[in-house]
Amino acid sequence: MKVIVCFKEAPDLERMAPADWETDAALKPDTRFVPTVLNVYDESALEMALRLRDAARGREKTTELIALTVDSVSPPRMLKNLLALQYDRVVKIESSLDLRFHALAVAKLLAAFIKTQDDAPVIFCGVRSNEGDNGKTPLLLAEMLGIPCITPVIDATLAAPDESLDVTVDIDGWRVGQRVRAPVVLAVGNVAGSSLRIPTLKDKMRVKGREPEMILPAGIDVEEIAAVMAREEELVSLKTERQKRDTAFVRGQDMAETAAIFYNQYLKKRAGI
Amino acid sequence: MKKIMVFGGRMPDIEGQIKELNAFCRLYLAGEIETEAWMISDQDLNMAQMTVTPEVSRIKLVKVRNPYVAEEYLAVIQALYGNTHYSPDTGPFLLFGSGSFVSALAVRAAYRLNGVSCVGVRKLRWQNERLLAEKMVYSGHLVAEFQLKKRPCCLAISPGFRDGSMIQASGVEPENFTVADLTVAAGDWPRTYRCDRTIDAAGLTAAALVLAVGWGIGSRENVRQTAELALQLGGELGGSRPVVMNAWLGMEQLLGTSGAVVAPEACLVFGASGSAAFKVGIEKSKWIAAVNCDENAPIFQYADVAICGDCREFISELLQYVNREQRSGDEIVYDRNSTAK
């Protein structure tokens, strides 16, 4: 079974101070000085794929794992960590385009690479990224590849005895379980306890000398993608929104008194309490 | 310009979609003359039994085979849309609710109909004949406005649009449509299929009082104590993403950009610093009180009442106070020198 995980590493936006959100002429905040983190949904997807690989090994089945990213700010350390975690290939598609809000372009670049693969893959993606919040990439990728897309996935396990997957989805108060097989796009949503495992020193030593692959988009006219982006939609403003309330601080002599004041002066009269 | 509301899934979710799209359209698309609703479900929808109906002049009902197989719904949308060619100026709006299933339909339908999509739309306006859609980006830190240049324009709205009015019996007689080739649409997948109702998240979104815990709550045991407080106060409990990802609360209790957006009369926030993503989940609350040990925590920027201190200690004291009051039935005048708490 071939598994491709599309991921993105992005600035840790919670490290930005309010004053840091000023945008430049290209409508971009300067995020270069904050550390990067894996997009939370992509992190779950990367770990989910590793668990599938582990389960396949237990059944003496082989799984090829590919981690794929486009125009990510991922430092080499992060990409190498994925190699250390025994991703067979870690591929970064280089792009000079501003892809923050252009899921269609991202999907085109991903699809171009995936179409070069011989085997029908299971493709994992996070449901959305933290910068663009587009919520579109896995859906458009599936449309371009002409394959099903299941979203938002909370679990995917290997089904016996063939290479099908049992996929669980939480949809607006319904839990849907279905057995599917490749090719399929699985858009990973909120999954508890799915932090990406950390490679050991031994893991890292094992892949010493191996490098992630940096590739240019093959068979893709980047100018044409830029033209399509411009025809579809255009970012016209990007701003902060300040909705400061008039805050009253409650202070008692100790916490017991603070709780009493809070209850009697504020809480008791609200919401029919 | 034509306005088409697209509803998909099952009851009672469809009623929720009707309420939020009615509310959105009254604010931003009230002037559209030609209006339709496409209601797609595996259930036999009975409009007469619904508590609300879409504010449209025509309703089309279509039945699919499986409850949440997107390919079937997309085939229906394509069939109903037909081969009509609209100009970029007059092409229709296809409006979808905020739920994950229908939002995904908006994106894929736009691709198939050669249109444009936007997910999480919270405002819509025209400026010099340009259509501008506003949404939150950068995990809720920034507001972006996009000009949408193609048609059809498939918009999935942001959570939080609420419609208190109950519009029943609009007088529009629903028309039943069938789409012949749903088998082809879904192919031979899924190979097996099961759909079960999970815990109803509506309890959280409909609550008058919400208690929200953040990572500063410290432990599962403290979350349990907060749940006890919620029970005593008649409120519902939710949490920030770190709390839920650590399985201290269920996923249906997640508040924020990737979870529920609540708008209660009162919201009590314990141990949450106030990240932008979390803020989106509670900022529509009429009144917010926050407890945090950091006086400069962002949560205090949008709280009406702030308590700077250990939230665990505060919860414990408040719970004891509430218990004592409920036992006595009268207000207790706090006596700092009293040893009996």
# chains A, B, ... in the order shown; residues from 1 in each chain; ligands from 1
$ interface_residues --of "chain A" --to "chain B" --cutoff "7 Å" --atoms "only C-alpha atoms" --output "VMD selection string"
chain A and resid 14 130 to 136 139 to 140 143 171 to 180 191 to 193 231 to 241 243 to 251 255 to 257 259 to 260 270 to 271 273
$ write_last_selection --atoms "C-alpha atoms" --output "tab-separated table (two decimals), in the first residue's frame"
chain	number	residue	atom	x	y	z
A	14	GLU	CA	0.17	32.10	18.98
A	130	ASN	CA	-3.45	27.76	10.12
A	131	GLU	CA	-2.53	30.64	7.79
A	132	GLY	CA	-5.07	30.54	4.97
A	133	ASP	CA	-7.83	28.70	6.87
A	134	ASN	CA	-9.09	27.79	3.39
A	135	GLY	CA	-10.45	24.36	4.26
A	136	LYS	CA	-10.28	23.37	0.61
A	139	LEU	CA	-11.32	18.47	-1.40
A	140	LEU	CA	-9.88	20.07	-4.51
A	143	GLU	CA	-11.64	16.51	-7.42
A	171	ILE	CA	-19.90	14.72	10.82
A	172	ASP	CA	-21.96	17.29	12.66
A	173	GLY	CA	-23.18	14.98	15.41
A	174	TRP	CA	-23.03	11.75	13.39
A	175	ARG	CA	-20.30	9.13	13.50
A	176	VAL	CA	-19.87	7.43	10.16
A	177	GLY	CA	-17.80	4.29	9.74
A	178	GLN	CA	-16.96	3.03	6.28
A	179	ARG	CA	-14.63	0.56	4.65
A	180	VAL	CA	-12.82	2.01	1.64
A	191	VAL	CA	-8.01	13.61	16.53
A	192	ALA	CA	-7.28	13.35	20.25
A	193	GLY	CA	-3.92	11.91	21.23
A	231	ARG	CA	-9.21	34.90	-12.27
A	232	GLU	CA	-10.86	33.14	-9.32
A	233	GLU	CA	-10.50	35.40	-6.36
A	234	GLU	CA	-8.33	38.14	-4.99
A	235	LEU	CA	-7.38	39.13	-1.47
A	236	VAL	CA	-8.36	42.78	-1.11
A	237	SER	CA	-7.80	43.41	2.58
A	238	LEU	CA	-6.28	41.75	5.61
A	239	LYS	CA	-6.63	43.36	8.99
A	240	THR	CA	-6.87	42.78	12.70
A	241	GLU	CA	-10.10	43.11	14.55
A	243	GLN	CA	-13.12	44.00	20.09
A	244	LYS	CA	-11.95	45.01	23.50
A	245	ARG	CA	-14.57	44.93	26.25
A	246	ASP	CA	-14.58	47.13	29.34
A	247	THR	CA	-13.13	44.70	31.81
A	248	ALA	CA	-13.87	44.94	35.53
A	249	PHE	CA	-11.46	43.10	37.82
A	250	VAL	CA	-12.94	41.37	40.87
A	251	ARG	CA	-10.61	41.25	43.82
A	255	MET	CA	-10.01	33.56	46.74
A	256	ALA	CA	-13.00	32.55	48.88
A	257	GLU	CA	-14.11	36.16	49.16
A	259	ALA	CA	-15.66	33.77	44.61
A	260	ALA	CA	-18.41	35.11	46.89
A	270	ARG	CA	-27.34	35.90	34.81
A	271	ALA	CA	-28.83	33.14	32.77
A	273	ILE	CA	-29.11	31.04	37.85
$ residues_around --residues "stretch 113-120 of chain A" --least-positions-apart "5" --cutoff "12 Å" --atoms "only C-alpha atoms" --output "NGL selection string"
:A and (1-6 or 63-64 or 66-70 or 91-94 or 106-108 or 141-142 or 144-147 or 163 or 181-185 or 215-220)
$ residues_around --residues "stretch 45-55 of chain A" --least-positions-apart "3" --cutoff "9 Å" --atoms "only C-alpha atoms" --output "ChimeraX atom specification"
/A:3-7,40-42,58-65,67,82,85-87,124-126,155-158,186-189,194-197
$ write_last_selection --atoms "C-alpha atoms" --output "PDB file, in the first residue's frame"
ATOM      1  CA  VAL A   3       0.424   6.248   1.594  1.00  0.00           C
ATOM      2  CA  ILE A   4       1.079   9.900   0.799  1.00  0.00           C
ATOM      3  CA  VAL A   5       0.734  12.482   3.562  1.00  0.00           C
ATOM      4  CA  CYS A   6       0.444  16.104   2.470  1.00  0.00           C
ATOM      5  CA  PHE A   7       1.648  18.395   5.224  1.00  0.00           C
ATOM      6  CA  VAL A  40      -2.027  20.592  13.853  1.00  0.00           C
ATOM      7  CA  TYR A  41      -4.234  18.607  11.455  1.00  0.00           C
ATOM      8  CA  ASP A  42      -1.256  17.616   9.305  1.00  0.00           C
ATOM      9  CA  GLY A  58       2.455  -6.520  12.182  1.00  0.00           C
ATOM     10  CA  ARG A  59       0.718  -8.333   9.354  1.00  0.00           C
ATOM     11  CA  GLU A  60       3.911  -8.588   7.340  1.00  0.00           C
ATOM     12  CA  LYS A  61       2.602  -6.226   4.703  1.00  0.00           C
ATOM     13  CA  THR A  62       4.721  -3.501   3.177  1.00  0.00           C
ATOM     14  CA  THR A  63       3.741   0.120   3.167  1.00  0.00           C
ATOM     15  CA  GLU A  64       5.492   2.890   1.300  1.00  0.00           C
ATOM     16  CA  LEU A  65       5.187   6.216   3.103  1.00  0.00           C
ATOM     17  CA  ALA A  67       5.555  12.892   3.116  1.00  0.00           C
ATOM     18  CA  LEU A  82      10.261  12.597   9.027  1.00  0.00           C
ATOM     19  CA  LEU A  85      10.568   8.336  11.537  1.00  0.00           C
ATOM     20  CA  GLN A  86      10.953   6.069   8.511  1.00  0.00           C
ATOM     21  CA  TYR A  87       9.014   7.960   5.936  1.00  0.00           C
ATOM     22  CA  PHE A 124      -3.850  11.963   3.991  1.00  0.00           C
ATOM     23  CA  CYS A 125      -4.213  15.747   4.375  1.00  0.00           C
ATOM     24  CA  GLY A 126      -5.146  17.970   7.287  1.00  0.00           C
ATOM     25  CA  ASP A 155      -9.534   7.375  12.685  1.00  0.00           C
ATOM     26  CA  ALA A 156      -8.211   5.101   9.950  1.00  0.00           C
ATOM     27  CA  THR A 157      -7.181   1.523  10.582  1.00  0.00           C
ATOM     28  CA  LEU A 158      -6.125  -1.364   8.416  1.00  0.00           C
ATOM     29  CA  LEU A 186      -8.679  11.277   3.789  1.00  0.00           C
ATOM     30  CA  ALA A 187      -8.936  14.785   5.232  1.00  0.00           C
ATOM     31  CA  VAL A 188      -7.923  14.494   8.883  1.00  0.00           C
ATOM     32  CA  GLY A 189      -9.803  16.573  11.459  1.00  0.00           C
ATOM     33  CA  SER A 194      -2.356  12.133  17.789  1.00  0.00           C
ATOM     34  CA  SER A 195       0.827  14.122  18.381  1.00  0.00           C
ATOM     35  CA  LEU A 196       3.600  13.087  16.040  1.00  0.00           C
ATOM     36  CA  ARG A 197       6.067  10.716  17.667  1.00  0.00           C
TER      37      ARG A 197
END
$ atom_distance --atom1 "atom CA of A:Ile154" --atom2 "atom CA of A:Arg57"
21.8 Å
$ select_by_dssp --residues "stretch 64-127 of chain A" --states "helix (DSSP H, G or I)" --output "tab-separated table (two decimals) with C-alpha atoms, in the first residue's frame"
chain	number	residue	atom	x	y	z
A	76	PRO	CA	15.56	20.97	7.11
A	77	ARG	CA	15.44	19.62	10.67
A	78	MET	CA	11.72	18.95	10.41
A	79	LEU	CA	11.97	17.25	7.04
A	80	LYS	CA	14.86	15.09	8.29
A	81	ASN	CA	12.84	14.12	11.35
A	82	LEU	CA	10.26	12.60	9.03
A	83	LEU	CA	12.98	10.56	7.35
A	84	ALA	CA	14.14	9.44	10.80
A	103	ALA	CA	-5.85	26.09	-2.26
A	104	LEU	CA	-6.55	25.45	-5.93
A	105	ALA	CA	-2.92	26.12	-6.81
A	106	VAL	CA	-1.66	24.01	-3.90
A	107	ALA	CA	-3.91	21.15	-4.98
A	108	LYS	CA	-2.66	21.44	-8.57
A	109	LEU	CA	0.96	21.15	-7.44
A	110	LEU	CA	0.19	18.20	-5.16
A	111	ALA	CA	-1.86	16.47	-7.85
A	112	ALA	CA	0.92	16.86	-10.41
A	113	PHE	CA	3.30	14.92	-8.14
A	114	ILE	CA	0.73	12.30	-7.11
$ closest_residue --among "A:Asp170, A:Val222, A:Arg32, A:Cys149" --to "A:Asp20" --atoms "only C-alpha atoms"
A:Arg32
$ atom_distance --atom1 "atom CA of B:Leu255" --atom2 "atom CA of B:Gly203"
12.7 Å
